[in-house]
$ cat work.pdb   # PDB, C-alpha atoms and all ligand atoms
MODEL        1
ATOM      1  CA  MET D 256     144.922 152.882-129.871
ATOM      2  CA  ALA D 257     146.680 150.451-132.181
ATOM      3  CA  ASP D 258     146.587 151.263-135.868
ATOM      4  CA  ALA D 259     147.934 149.889-139.136
ATOM      5  CA  ARG D 260     151.505 150.772-138.170
ATOM      6  CA  SER D 261     151.424 149.171-134.721
ATOM      7  CA  ILE D 262     153.156 145.958-133.825
ATOM      8  CA  ILE D 263     150.406 143.695-132.493
ATOM      9  CA  LEU D 264     151.541 140.567-130.718
ATOM     10  CA  HIS D 265     149.002 137.746-130.355
ATOM     11  CA  GLU D 266     150.240 135.833-127.330
ATOM     12  CA  TYR D 267     149.544 134.605-123.808
ATOM     13  CA  PRO D 268     151.681 135.372-120.752
ATOM     14  CA  SER D 269     152.920 131.834-120.020
ATOM     15  CA  SER D 270     154.088 131.232-123.603
ATOM     16  CA  PRO D 271     157.879 130.773-123.718
ATOM     17  CA  PHE D 272     158.131 131.420-127.457
ATOM     18  CA  SER D 273     156.231 134.686-126.933
ATOM     19  CA  GLU D 274     158.813 135.611-124.307
ATOM     20  CA  LYS D 275     161.485 135.654-127.019
ATOM     21  CA  VAL D 276     159.546 138.340-128.855
ATOM     22  CA  ARG D 277     158.655 140.249-125.683
ATOM     23  CA  LEU D 278     162.359 140.318-124.781
ATOM     24  CA  ALA D 279     163.372 141.471-128.270
ATOM     25  CA  LEU D 280     160.777 144.269-128.146
ATOM     26  CA  LYS D 281     162.019 145.311-124.707
ATOM     27  CA  LEU D 282     165.639 145.363-125.831
ATOM     28  CA  LYS D 283     164.618 147.611-128.718
ATOM     29  CA  ASN D 284     162.388 149.660-126.399
ATOM     30  CA  LEU D 285     159.572 149.441-128.939
ATOM     31  CA  ALA D 286     155.967 150.285-128.214
ATOM     32  CA  TYR D 287     153.537 147.517-129.104
ATOM     33  CA  ALA D 288     150.034 146.254-128.598
ATOM     34  CA  ARG D 289     149.096 142.761-127.541
ATOM     35  CA  VAL D 290     146.087 140.549-127.876
ATOM     36  CA  GLU D 291     145.852 137.948-125.153
ATOM     37  CA  ILE D 292     144.821 134.802-126.982
ATOM     38  CA  PRO D 293     143.456 131.732-125.177
ATOM     39  CA  VAL D 294     146.040 129.122-124.168
ATOM     40  CA  ILE D 295     144.076 126.523-126.124
ATOM     41  CA  MET D 296     141.998 126.554-129.288
ATOM     42  CA  PRO D 297     139.558 127.821-130.497
ATOM     43  CA  ARG D 298     140.869 131.272-131.442
ATOM     44  CA  PRO D 299     138.133 132.393-133.784
ATOM     45  CA  ASP D 300     139.379 135.934-134.321
ATOM     46  CA  LEU D 301     142.974 134.885-134.974
ATOM     47  CA  MET D 302     142.368 132.128-137.532
ATOM     48  CA  PRO D 303     141.092 134.528-140.232
ATOM     49  CA  LEU D 304     144.461 136.276-139.916
ATOM     50  CA  THR D 305     146.721 133.222-139.935
ATOM     51  CA  GLY D 306     144.691 131.057-142.302
ATOM     52  CA  GLY D 307     144.708 128.259-139.724
ATOM     53  CA  TYR D 308     148.267 128.427-138.341
ATOM     54  CA  ARG D 309     147.715 127.755-134.653
ATOM     55  CA  ARG D 310     150.978 128.225-132.848
ATOM     56  CA  THR D 311     151.910 131.020-130.500
ATOM     57  CA  PRO D 312     152.990 133.791-130.920
ATOM     58  CA  VAL D 313     151.782 135.505-134.085
ATOM     59  CA  MET D 314     152.724 139.068-134.945
ATOM     60  CA  GLN D 315     150.541 141.417-136.936
ATOM     61  CA  ILE D 316     151.443 144.752-138.458
ATOM     62  CA  GLY D 317     148.413 146.061-140.320
ATOM     63  CA  ALA D 318     147.427 143.406-142.841
ATOM     64  CA  ASP D 319     150.768 141.582-142.642
ATOM     65  CA  ILE D 320     150.771 138.520-140.410
ATOM     66  CA  TYR D 321     153.988 136.860-139.242
ATOM     67  CA  CYS D 322     153.850 133.231-138.125
ATOM     68  CA  ASP D 323     156.734 131.790-136.054
ATOM     69  CA  THR D 324     159.326 133.609-133.959
ATOM     70  CA  ALA D 325     162.005 133.198-136.653
ATOM     71  CA  ILE D 326     160.148 135.412-139.116
ATOM     72  CA  ILE D 327     158.787 137.684-136.362
ATOM     73  CA  LEU D 328     162.285 138.484-135.109
ATOM     74  CA  ARG D 329     163.600 138.892-138.649
ATOM     75  CA  GLU D 330     160.825 141.383-139.453
ATOM     76  CA  ILE D 331     161.233 143.378-136.247
ATOM     77  CA  GLU D 332     164.947 143.655-136.935
ATOM     78  CA  ALA D 333     164.344 144.717-140.552
ATOM     79  CA  ARG D 334     161.787 147.372-139.652
ATOM     80  CA  TYR D 335     163.462 148.608-136.470
ATOM     81  CA  PRO D 336     167.193 148.023-136.832
ATOM     82  CA  LEU D 337     168.060 150.110-133.743
ATOM     83  CA  TYR D 338     168.837 148.880-131.105
ATOM     84  CA  ALA D 339     170.415 146.161-133.254
ATOM     85  CA  LEU D 340     169.894 142.552-132.209
ATOM     86  CA  LYS D 341     171.619 141.136-135.267
ATOM     87  CA  LEU D 342     174.995 142.126-133.905
ATOM     88  CA  PRO D 343     178.325 141.101-135.406
ATOM     89  CA  GLY D 344     178.729 137.424-134.646
ATOM     90  CA  HIS D 345     174.996 136.780-134.266
ATOM     91  CA  GLU D 346     174.188 136.552-137.990
ATOM     92  CA  GLY D 347     173.099 133.069-139.009
ATOM     93  CA  LEU D 348     174.312 131.714-135.690
ATOM     94  CA  ALA D 349     171.178 133.020-133.973
ATOM     95  CA  GLN D 350     168.958 130.652-135.938
ATOM     96  CA  MET D 351     171.322 127.779-135.358
ATOM     97  CA  VAL D 352     171.034 128.447-131.620
ATOM     98  CA  ALA D 353     167.251 128.703-132.019
ATOM     99  CA  GLY D 354     167.226 125.190-133.488
ATOM    100  CA  TRP D 355     168.939 123.948-130.344
ATOM    101  CA  ALA D 356     166.815 125.931-127.878
ATOM    102  CA  ASP D 357     163.480 125.255-129.603
ATOM    103  CA  GLY D 358     164.145 121.582-130.246
ATOM    104  CA  ARG D 359     165.685 119.155-127.777
ATOM    105  CA  TRP D 360     166.106 121.695-124.990
ATOM    106  CA  PHE D 361     162.478 122.824-125.263
ATOM    107  CA  GLN D 362     161.354 119.175-125.191
ATOM    108  CA  SER D 363     163.285 118.576-121.968
ATOM    109  CA  SER D 364     161.643 121.696-120.492
ATOM    110  CA  VAL D 365     158.218 120.328-121.475
ATOM    111  CA  ALA D 366     158.862 117.022-119.684
ATOM    112  CA  VAL D 367     160.208 118.667-116.514
ATOM    113  CA  ILE D 368     157.497 121.331-116.362
ATOM    114  CA  PHE D 369     154.469 119.193-117.146
ATOM    115  CA  GLY D 370     155.881 116.289-115.126
ATOM    116  CA  HIS D 371     156.103 118.745-112.210
ATOM    117  CA  MET D 372     152.569 120.055-112.759
ATOM    118  CA  GLY D 373     151.337 116.479-112.974
ATOM    119  CA  ASP D 374     147.650 116.028-112.263
ATOM    120  CA  SER D 375     146.987 119.760-112.096
ATOM    121  CA  VAL D 376     147.239 120.044-115.905
ATOM    122  CA  PRO D 377     143.629 120.584-117.091
ATOM    123  CA  ASP D 378     142.087 117.914-119.317
ATOM    124  CA  ALA D 379     141.123 120.483-121.938
ATOM    125  CA  PHE D 380     144.795 121.533-122.198
ATOM    126  CA  ILE D 381     145.908 117.915-122.587
ATOM    127  CA  LYS D 382     143.333 117.325-125.334
ATOM    128  CA  ASP D 383     144.372 120.507-127.127
ATOM    129  CA  ARG D 384     148.062 119.641-127.069
ATOM    130  CA  GLU D 385     147.308 116.101-128.258
ATOM    131  CA  GLN D 386     145.542 117.600-131.221
ATOM    132  CA  LEU D 387     148.504 119.928-131.769
ATOM    133  CA  SER D 388     151.142 117.208-131.754
ATOM    134  CA  GLY D 389     149.110 114.278-133.079
ATOM    135  CA  ARG D 390     150.495 112.234-130.192
ATOM    136  CA  ALA D 391     149.484 111.383-126.621
ATOM    137  CA  PHE D 392     150.290 114.156-124.119
ATOM    138  CA  ASN D 393     151.074 111.625-121.450
ATOM    139  CA  ILE D 394     151.477 113.283-118.064
ATOM    140  CA  GLU D 395     152.286 109.969-116.328
ATOM    141  CA  ALA D 396     155.122 109.355-118.793
ATOM    142  CA  MET D 397     156.389 112.912-118.278
ATOM    143  CA  LYS D 398     156.296 112.468-114.503
ATOM    144  CA  ALA D 399     158.323 109.274-114.872
ATOM    145  CA  ILE D 400     160.897 110.767-117.192
ATOM    146  CA  ALA D 401     161.186 114.187-115.484
ATOM    147  CA  PRO D 402     164.164 113.253-113.219
ATOM    148  CA  MET D 403     166.201 112.156-116.237
ATOM    149  CA  MET D 404     165.069 115.190-118.190
ATOM    150  CA  LYS D 405     166.345 117.404-115.377
ATOM    151  CA  ASP D 406     169.821 116.063-116.123
ATOM    152  CA  GLN D 407     169.288 116.850-119.789
ATOM    153  CA  TRP D 408     168.023 120.316-118.996
ATOM    154  CA  ARG D 409     170.959 121.158-116.742
ATOM    155  CA  ALA D 410     173.465 119.840-119.311
ATOM    156  CA  ARG D 411     172.053 122.300-121.837
ATOM    157  CA  LEU D 412     172.001 125.186-119.397
ATOM    158  CA  MET D 413     175.656 124.580-118.581
ATOM    159  CA  LEU D 414     176.570 125.200-122.232
ATOM    160  CA  ILE D 415     175.538 128.802-121.653
ATOM    161  CA  GLU D 416     177.854 128.915-118.643
ATOM    162  CA  GLU D 417     180.677 127.481-120.745
ATOM    163  CA  ARG D 418     180.102 130.113-123.441
ATOM    164  CA  LEU D 419     180.010 132.966-120.947
ATOM    165  CA  ALA D 420     183.216 131.779-119.319
ATOM    166  CA  GLY D 421     185.007 131.215-122.622
ATOM    167  CA  GLY D 422     186.781 133.183-125.361
ATOM    168  CA  LYS D 423     186.689 136.763-124.187
ATOM    169  CA  GLY D 424     187.254 139.686-126.529
ATOM    170  CA  ALA D 425     187.358 143.231-125.145
ATOM    171  CA  GLY D 426     184.307 143.953-123.012
ATOM    172  CA  SER D 427     182.750 140.548-123.579
ATOM    173  CA  GLY D 428     181.478 138.049-121.060
ATOM    174  CA  ASN D 429     178.215 139.756-120.143
ATOM    175  CA  TYR D 430     176.345 138.242-123.080
ATOM    176  CA  LEU D 431     176.803 135.159-125.207
ATOM    177  CA  ILE D 432     178.699 137.014-127.922
ATOM    178  CA  GLY D 433     180.412 140.149-126.737
ATOM    179  CA  ALA D 434     179.299 142.994-124.535
ATOM    180  CA  LYS D 435     175.756 143.530-125.881
ATOM    181  CA  ALA D 436     172.643 141.412-125.874
ATOM    182  CA  GLY D 437     171.626 140.152-129.315
ATOM    183  CA  LEU D 438     169.543 137.510-131.043
ATOM    184  CA  VAL D 439     171.613 134.601-129.769
ATOM    185  CA  ASP D 440     170.821 135.703-126.207
ATOM    186  CA  VAL D 441     167.128 136.051-127.029
ATOM    187  CA  HIS D 442     166.939 132.432-128.224
ATOM    188  CA  ALA D 443     169.043 131.012-125.404
ATOM    189  CA  TYR D 444     166.993 132.893-122.786
ATOM    190  CA  MET D 445     163.695 131.143-123.505
ATOM    191  CA  ASN D 446     164.084 127.825-121.664
ATOM    192  CA  VAL D 447     165.705 129.468-118.646
ATOM    193  CA  TRP D 448     162.822 131.955-118.429
ATOM    194  CA  TRP D 449     160.229 129.200-118.739
ATOM    195  CA  MET D 450     161.831 127.038-116.044
ATOM    196  CA  LYS D 451     162.356 130.024-113.704
ATOM    197  CA  ASN D 452     158.656 130.845-114.046
ATOM    198  CA  THR D 453     157.287 127.342-113.585
ATOM    199  CA  VAL D 454     159.715 125.230-111.519
ATOM    200  CA  PRO D 455     161.852 127.959-109.892
ATOM    201  CA  GLU D 456     163.385 125.699-107.256
ATOM    202  CA  PHE D 457     164.879 123.473-109.962
ATOM    203  CA  ALA D 458     165.986 126.414-112.127
ATOM    204  CA  ASP D 459     167.611 128.089-109.111
ATOM    205  CA  ALA D 460     169.397 124.902-108.049
ATOM    206  CA  CYS D 461     170.920 124.673-111.550
ATOM    207  CA  LEU D 462     171.796 128.366-111.619
ATOM    208  CA  GLU D 463     173.620 128.049-108.295
ATOM    209  CA  SER D 464     176.409 126.211-110.082
ATOM    210  CA  ALA D 465     176.166 128.555-113.071
ATOM    211  CA  PRO D 466     176.885 132.009-111.627
ATOM    212  CA  LEU D 467     177.703 133.635-114.978
ATOM    213  CA  THR D 468     174.443 132.347-116.427
ATOM    214  CA  ALA D 469     172.529 133.538-113.351
ATOM    215  CA  ALA D 470     173.969 137.044-113.810
ATOM    216  CA  TRP D 471     173.300 136.928-117.588
ATOM    217  CA  TYR D 472     169.700 135.881-116.919
ATOM    218  CA  ARG D 473     169.231 138.699-114.401
ATOM    219  CA  ARG D 474     170.678 141.248-116.794
ATOM    220  CA  LEU D 475     168.219 140.240-119.518
ATOM    221  CA  GLY D 476     165.345 140.059-117.048
ATOM    222  CA  ASP D 477     166.096 143.595-115.871
ATOM    223  CA  VAL D 478     165.550 145.098-119.328
ATOM    224  CA  GLU D 479     162.469 147.248-118.924
ATOM    225  CA  GLY D 480     161.171 148.254-122.329
ATOM    226  CA  GLN D 481     157.645 149.575-122.738
ATOM    227  CA  GLU D 482     154.388 148.305-121.288
ATOM    228  CA  PRO D 483     152.266 146.996-124.149
ATOM    229  CA  GLU D 484     148.737 148.187-124.706
ATOM    230  CA  THR D 485     146.217 145.333-124.559
ATOM    231  CA  ILE D 486     143.617 145.341-127.321
ATOM    232  CA  SER D 487     140.835 142.912-128.169
ATOM    233  CA  ALA D 488     141.067 140.247-130.854
ATOM    234  CA  LYS D 489     138.179 141.981-132.622
ATOM    235  CA  ASP D 490     140.078 145.280-132.693
ATOM    236  CA  ALA D 491     143.125 143.527-134.142
ATOM    237  CA  LEU D 492     140.961 141.976-136.830
ATOM    238  CA  ALA D 493     139.522 145.391-137.644
ATOM    239  CA  VAL D 494     143.072 146.794-137.980
ATOM    240  CA  ALA D 495     143.864 144.078-140.536
ATOM    241  CA  ARG D 496     140.609 144.618-142.404
ATOM    242  CA  ASP D 497     141.144 148.360-142.680
ATOM    243  CA  ALA D 498     144.792 148.082-143.739
ATOM    244  CA  ALA D 499     146.467 146.936-146.933
ATOM    245  CA  PRO D 500     149.464 144.597-146.925
ATOM    246  CA  ARG D 501     152.830 146.211-147.384
ATOM    247  CA  LEU D 502     153.978 146.407-150.986
ATOM    248  CA  VAL D 503     156.376 143.597-151.782
ATOM    249  CA  ALA D 504     158.036 142.590-155.033
ATOM    250  CA  ALA D 505     156.287 139.522-156.460
ATOM    251  CA  THR D 506     159.425 137.448-156.959
ATOM    252  CA  THR D 507     160.878 134.012-156.597
ATOM    253  CA  ARG D 508     164.433 133.069-157.495
ATOM    254  CA  ASN D 509     166.121 129.709-157.848
ATOM    255  CA  GLU D 510     163.323 127.972-155.960
ATOM    256  CA  PRO D 511     164.271 124.285-155.626
ATOM    257  CA  GLN D 512     160.610 123.342-156.292
ATOM    258  CA  GLU D 513     160.391 126.013-159.035
ATOM    259  CA  PHE D 514     157.521 127.954-157.476
ATOM    260  CA  SER D 515     156.429 131.123-159.289
ATOM    261  CA  PRO D 516     154.561 134.183-158.012
ATOM    262  CA  GLY D 517     150.789 133.745-158.315
ATOM    263  CA  GLU D 518     150.835 129.979-157.785
ATOM    264  CA  PRO D 519     148.434 128.516-155.230
ATOM    265  CA  VAL D 520     150.532 126.874-152.512
ATOM    266  CA  ALA D 521     150.119 125.599-148.970
ATOM    267  CA  VAL D 522     152.521 126.011-146.039
ATOM    268  CA  ALA D 523     152.721 124.088-142.746
ATOM    269  CA  PRO D 524     155.233 123.639-139.904
ATOM    270  CA  ASP D 525     157.295 120.469-140.340
ATOM    271  CA  ASP D 526     157.094 119.356-136.708
ATOM    272  CA  TYR D 527     153.818 119.859-134.802
ATOM    273  CA  GLY D 528     150.637 121.853-135.315
ATOM    274  CA  GLN D 529     150.735 120.800-138.984
ATOM    275  CA  VAL D 530     147.856 122.854-140.330
ATOM    276  CA  TRP D 531     148.269 123.669-144.032
ATOM    277  CA  VAL D 532     147.707 127.350-144.748
ATOM    278  CA  GLU D 533     146.674 127.920-148.350
ATOM    279  CA  GLY D 534     147.219 131.045-150.369
ATOM    280  CA  GLU D 535     148.619 132.540-153.509
ATOM    281  CA  LEU D 536     152.383 132.833-153.477
ATOM    282  CA  VAL D 537     153.500 136.459-153.579
ATOM    283  CA  HIS D 538     157.187 136.268-152.754
ATOM    284  CA  ALA D 539     159.626 133.586-151.740
ATOM    285  CA  ASP D 540     163.306 133.587-150.939
ATOM    286  CA  SER D 541     165.544 131.272-148.949
ATOM    287  CA  GLN D 542     164.295 132.570-145.568
ATOM    288  CA  ARG D 543     160.740 133.795-146.159
ATOM    289  CA  ILE D 544     157.564 132.913-148.025
ATOM    290  CA  ILE D 545     154.599 135.274-148.285
ATOM    291  CA  LEU D 546     151.076 134.125-149.136
ATOM    292  CA  HIS D 547     148.265 136.358-150.298
ATOM    293  CA  ARG D 548     144.921 135.433-148.763
ATOM    294  CA  PHE D 549     141.436 136.868-148.705
ATOM    295  CA  THR D 550     138.853 136.193-146.006
ATOM    296  CA  PRO D 551     135.596 138.041-145.384
ATOM    297  CA  GLU D 552     136.657 138.917-141.810
ATOM    298  CA  ALA D 553     140.134 140.267-142.570
ATOM    299  CA  GLU D 554     139.862 140.908-146.320
ATOM    300  CA  THR D 555     143.222 140.979-148.115
ATOM    301  CA  ILE D 556     146.203 139.922-146.036
ATOM    302  CA  HIS D 557     149.737 138.678-146.502
ATOM    303  CA  VAL D 558     150.861 135.800-144.297
ATOM    304  CA  HIS D 559     154.628 135.437-143.790
ATOM    305  CA  PHE D 560     156.413 132.211-142.809
ATOM    306  CA  PRO D 561     160.077 131.298-142.429
ATOM    307  CA  ARG D 562     161.397 128.613-144.787
ATOM    308  CA  ALA D 563     163.505 126.519-142.394
ATOM    309  CA  GLY D 564     161.062 124.352-140.436
ATOM    310  CA  PHE D 565     158.128 124.943-142.817
ATOM    311  CA  LEU D 566     156.993 122.711-145.662
ATOM    312  CA  VAL D 567     155.634 124.215-148.864
ATOM    313  CA  ARG D 568     153.639 122.328-151.469
ATOM    314  CA  ARG D 569     151.517 123.196-154.492
ATOM    315  CA  ALA D 570     147.892 123.504-153.400
TER     316      ALA D 570
HETATM  317  N1  LIG M 601     158.485 127.378-134.053
HETATM  318  C1  LIG M 601     157.462 128.123-133.351
HETATM  319  C2  LIG M 601     157.074 127.406-132.060
HETATM  320  C3  LIG M 601     155.949 128.064-131.340
HETATM  321  C4  LIG M 601     155.328 127.164-130.291
HETATM  322  O1  LIG M 601     155.451 125.933-130.309
HETATM  323  N2  LIG M 601     154.623 127.801-129.363
HETATM  324  C5  LIG M 601     153.865 127.075-128.373
HETATM  325  C6  LIG M 601     153.518 127.990-127.215
HETATM  326  S1  LIG M 601     154.891 128.752-126.484
HETATM  327  C7  LIG M 601     152.542 126.685-128.972
HETATM  328  O2  LIG M 601     152.256 127.064-130.092
HETATM  329  N3  LIG M 601     151.719 125.985-128.238
HETATM  330  C8  LIG M 601     150.409 125.669-128.719
HETATM  331  C9  LIG M 601     149.499 126.839-128.784
HETATM  332  O3  LIG M 601     149.757 127.900-128.205
HETATM  333  O4  LIG M 601     148.447 126.670-129.406
HETATM  334  C10 LIG M 601     157.981 129.529-133.089
HETATM  335  O5  LIG M 601     159.199 129.727-133.040
HETATM  336  O6  LIG M 601     157.173 130.460-133.005
ENDMDL
END
$ encode --input "work.pdb" --output "structure tokens" --more "lines below"
Ligand SMILES: N[C@@H](CCC(=O)N[C@@H](CS)C(=O)NCC(=O)O)C(=O)O
Amino acid sequence: MADARSIILHEYPSSPFSEKVRLALKLKNLAYARVEIPVIMPRPDLMPLTGGYRRTPVMQIGADIYCDTAIILREIEARYPLYALKLPGHEGLAQMVAGWADGRWFQSSVAVIFGHMGDSVPDAFIKDREQLSGRAFNIEAMKAIAPMMKDQWRARLMLIEERLAGGKGAGSGNYLIGAKAGLVDVHAYMNVWWMKNTVPEFADACLESAPLTAAWYRRLGDVEGQEPETISAKDALAVARDAAPRLVAATTRNEPQEFSPGEPVAVAPDDYGQVWVEGELVHADSQRIILHRFTPEAETIHVHFPRAGFLVRRA
């Protein structure tokens, strides 16, 4: 049974961003628990933990809540440095690659995948994603643009092929940087995994002319790791309620907006799902901000966000 030390991943199986974390946990062969959250809102037992942040996945360890894969992967690496994913050559670069994979490449996956699903996409899902993005989730437009987006998608995939074929040091070529899988691979894997699992005929047609990428994808897919234990959202909430957040130094340093510990602030993603999460600032540095929150359901918790891609304002 999961306890205050367990990694608890709030996710759903078809979520590509969750797959990044699942792959990282497998590579590290870490045990973890999972809560299967609904694909659409509401998520009543998760919101007391995140303070309203509504994107997937969310990681919980006791009363510490990690929103966004950037901070989730950073925390997993910090707590469990072996097997190392932040390998020489991956530092910094991994997040640059994430910007590429999560941005334009992800958007081309969305158009191809939902254009392919077409009329089978449920109305409730469309409504939910319209609320998430603040824009129309226009299946007809995606259907129309999907052929052109396939070109875009393949162009991006072929960059992986180019990397795998290029600049070889001793033992390299199996992974994007060198002979071991690391964070750069985890980020680059996501769109290939999503396409393979939704429009396999298109993914396979692309991979036919990308044999190194096909082998790289298989190698990562073959990593076994541990089967997670599934727990209920209520159990996860109880874990948070019964735990205390990890001790952290209440510090800020050289904050461009001159935030100080103890200030009430609000944090939101800068792209979509812009829900402002309010709390008292505990700690901030260039890559992480931690808010202290109290709710009756979860009691005292710390919510962690990355800085890049998240806006912070005084509340
Ligand atoms: N920058 C976020 C992006 C997460 C994201 O957009 N996830 C998708 C699912 S894979 C999402 O939140 N969809 C809406 C939802 O699940 O409510 C991260 O890296 O975690």
$ residues_near_ligand --input "work.pdb" --ligand "ligand LIG 601 (chain M)" --cutoff "6 Å" --atoms "only C-alpha atoms and all ligand atoms" --output "list in words"
Ser270, Pro271, Phe272, Val294, Ile295, Arg309, Arg310, Thr311, Pro312, Asp323, Thr324 and Ala325 of chain D
$ atom_distance --input "work.pdb" --atom1 "atom CA of His345 of chain D" --atom2 "atom CA of Val441 of chain D"
10.7 Å
$ closest_residue --input "work.pdb" --among "D:Lys489, D:His371, D:Arg334, D:Arg501" --to "Ala401 of chain D" --atoms "all atoms listed in the file"
D:His371
$ closest_residue --input "work.pdb" --among "D:Lys451, D:His442, D:Lys275, D:Arg473" --to "Gly358 of chain D" --atoms "only C-alpha atoms"
D:His442
$ closest_residue --input "work.pdb" --among "D:Val530, D:Leu278, D:Val290, D:Ala469" --to "Gln481 of chain D" --atoms "all atoms listed in the file"
D:Leu278
$ residues_around --input "work.pdb" --residues "Gly437 of chain D" --least-positions-apart "2" --cutoff "6 Å" --atoms "all atoms listed in the file" --output "PyMOL selection string"
chain D and resi 340+439-440
$ build_atoms --input "work.pdb" --residues "segment 482-502 of chain D" --atoms "N, CA and C atoms" --output "PDB file, in the frame of the given file"
ATOM      1  N   GLU D 482     155.581 149.089-121.610  1.00  0.00           N
ATOM      2  CA  GLU D 482     154.388 148.305-121.288  1.00  0.00           C
ATOM      3  C   GLU D 482     153.509 148.230-122.534  1.00  0.00           C
ATOM      4  N   PRO D 483     153.137 147.051-122.970  1.00  0.00           N
ATOM      5  CA  PRO D 483     152.266 146.996-124.149  1.00  0.00           C
ATOM      6  C   PRO D 483     150.834 147.411-123.813  1.00  0.00           C
ATOM      7  N   GLU D 484     150.162 147.875-124.846  1.00  0.00           N
ATOM      8  CA  GLU D 484     148.737 148.187-124.706  1.00  0.00           C
ATOM      9  C   GLU D 484     147.962 146.906-125.063  1.00  0.00           C
ATOM     10  N   THR D 485     147.000 146.530-124.227  1.00  0.00           N
ATOM     11  CA  THR D 485     146.217 145.333-124.559  1.00  0.00           C
ATOM     12  C   THR D 485     144.992 145.732-125.373  1.00  0.00           C
ATOM     13  N   ILE D 486     144.804 145.070-126.502  1.00  0.00           N
ATOM     14  CA  ILE D 486     143.617 145.341-127.321  1.00  0.00           C
ATOM     15  C   ILE D 486     142.858 144.025-127.521  1.00  0.00           C
ATOM     16  N   SER D 487     141.630 144.133-127.999  1.00  0.00           N
ATOM     17  CA  SER D 487     140.835 142.912-128.169  1.00  0.00           C
ATOM     18  C   SER D 487     141.163 142.272-129.521  1.00  0.00           C
ATOM     19  N   ALA D 488     140.842 140.978-129.600  1.00  0.00           N
ATOM     20  CA  ALA D 488     141.067 140.247-130.854  1.00  0.00           C
ATOM     21  C   ALA D 488     140.233 140.868-131.974  1.00  0.00           C
ATOM     22  N   LYS D 489     139.053 141.350-131.616  1.00  0.00           N
ATOM     23  CA  LYS D 489     138.179 141.981-132.622  1.00  0.00           C
ATOM     24  C   LYS D 489     138.816 143.271-133.146  1.00  0.00           C
ATOM     25  N   ASP D 490     139.412 144.044-132.257  1.00  0.00           N
ATOM     26  CA  ASP D 490     140.078 145.280-132.693  1.00  0.00           C
ATOM     27  C   ASP D 490     141.250 144.957-133.621  1.00  0.00           C
ATOM     28  N   ALA D 491     141.978 143.902-133.293  1.00  0.00           N
ATOM     29  CA  ALA D 491     143.125 143.527-134.142  1.00  0.00           C
ATOM     30  C   ALA D 491     142.633 143.115-135.531  1.00  0.00           C
ATOM     31  N   LEU D 492     141.539 142.398-135.557  1.00  0.00           N
ATOM     32  CA  LEU D 492     140.961 141.976-136.830  1.00  0.00           C
ATOM     33  C   LEU D 492     140.528 143.200-137.648  1.00  0.00           C
ATOM     34  N   ALA D 493     139.963 144.169-136.952  1.00  0.00           N
ATOM     35  CA  ALA D 493     139.522 145.391-137.644  1.00  0.00           C
ATOM     36  C   ALA D 493     140.729 146.149-138.211  1.00  0.00           C
ATOM     37  N   VAL D 494     141.853 146.142-137.472  1.00  0.00           N
ATOM     38  CA  VAL D 494     143.072 146.794-137.980  1.00  0.00           C
ATOM     39  C   VAL D 494     143.493 146.135-139.294  1.00  0.00           C
ATOM     40  N   ALA D 495     143.465 144.805-139.312  1.00  0.00           N
ATOM     41  CA  ALA D 495     143.864 144.078-140.536  1.00  0.00           C
ATOM     42  C   ALA D 495     142.904 144.391-141.672  1.00  0.00           C
ATOM     43  N   ARG D 496     141.619 144.395-141.359  1.00  0.00           N
ATOM     44  CA  ARG D 496     140.609 144.618-142.404  1.00  0.00           C
ATOM     45  C   ARG D 496     140.753 146.005-143.033  1.00  0.00           C
ATOM     46  N   ASP D 497     141.066 146.984-142.194  1.00  0.00           N
ATOM     47  CA  ASP D 497     141.144 148.360-142.680  1.00  0.00           C
ATOM     48  C   ASP D 497     142.506 148.714-143.278  1.00  0.00           C
ATOM     49  N   ALA D 498     143.450 147.794-143.219  1.00  0.00           N
ATOM     50  CA  ALA D 498     144.792 148.082-143.739  1.00  0.00           C
ATOM     51  C   ALA D 498     145.032 147.294-145.024  1.00  0.00           C
ATOM     52  N   ALA D 499     146.040 147.710-145.752  1.00  0.00           N
ATOM     53  CA  ALA D 499     146.467 146.936-146.933  1.00  0.00           C
ATOM     54  C   ALA D 499     147.834 146.337-146.624  1.00  0.00           C
ATOM     55  N   PRO D 500     148.128 145.150-147.165  1.00  0.00           N
ATOM     56  CA  PRO D 500     149.464 144.597-146.925  1.00  0.00           C
ATOM     57  C   PRO D 500     150.537 145.510-147.507  1.00  0.00           C
ATOM     58  N   ARG D 501     151.692 145.441-146.891  1.00  0.00           N
ATOM     59  CA  ARG D 501     152.830 146.211-147.384  1.00  0.00           C
ATOM     60  C   ARG D 501     153.179 145.789-148.805  1.00  0.00           C
ATOM     61  N   LEU D 502     153.588 146.757-149.619  1.00  0.00           N
ATOM     62  CA  LEU D 502     153.978 146.407-150.986  1.00  0.00           C
ATOM     63  C   LEU D 502     155.229 145.528-150.946  1.00  0.00           C
TER      64      LEU D 502
END
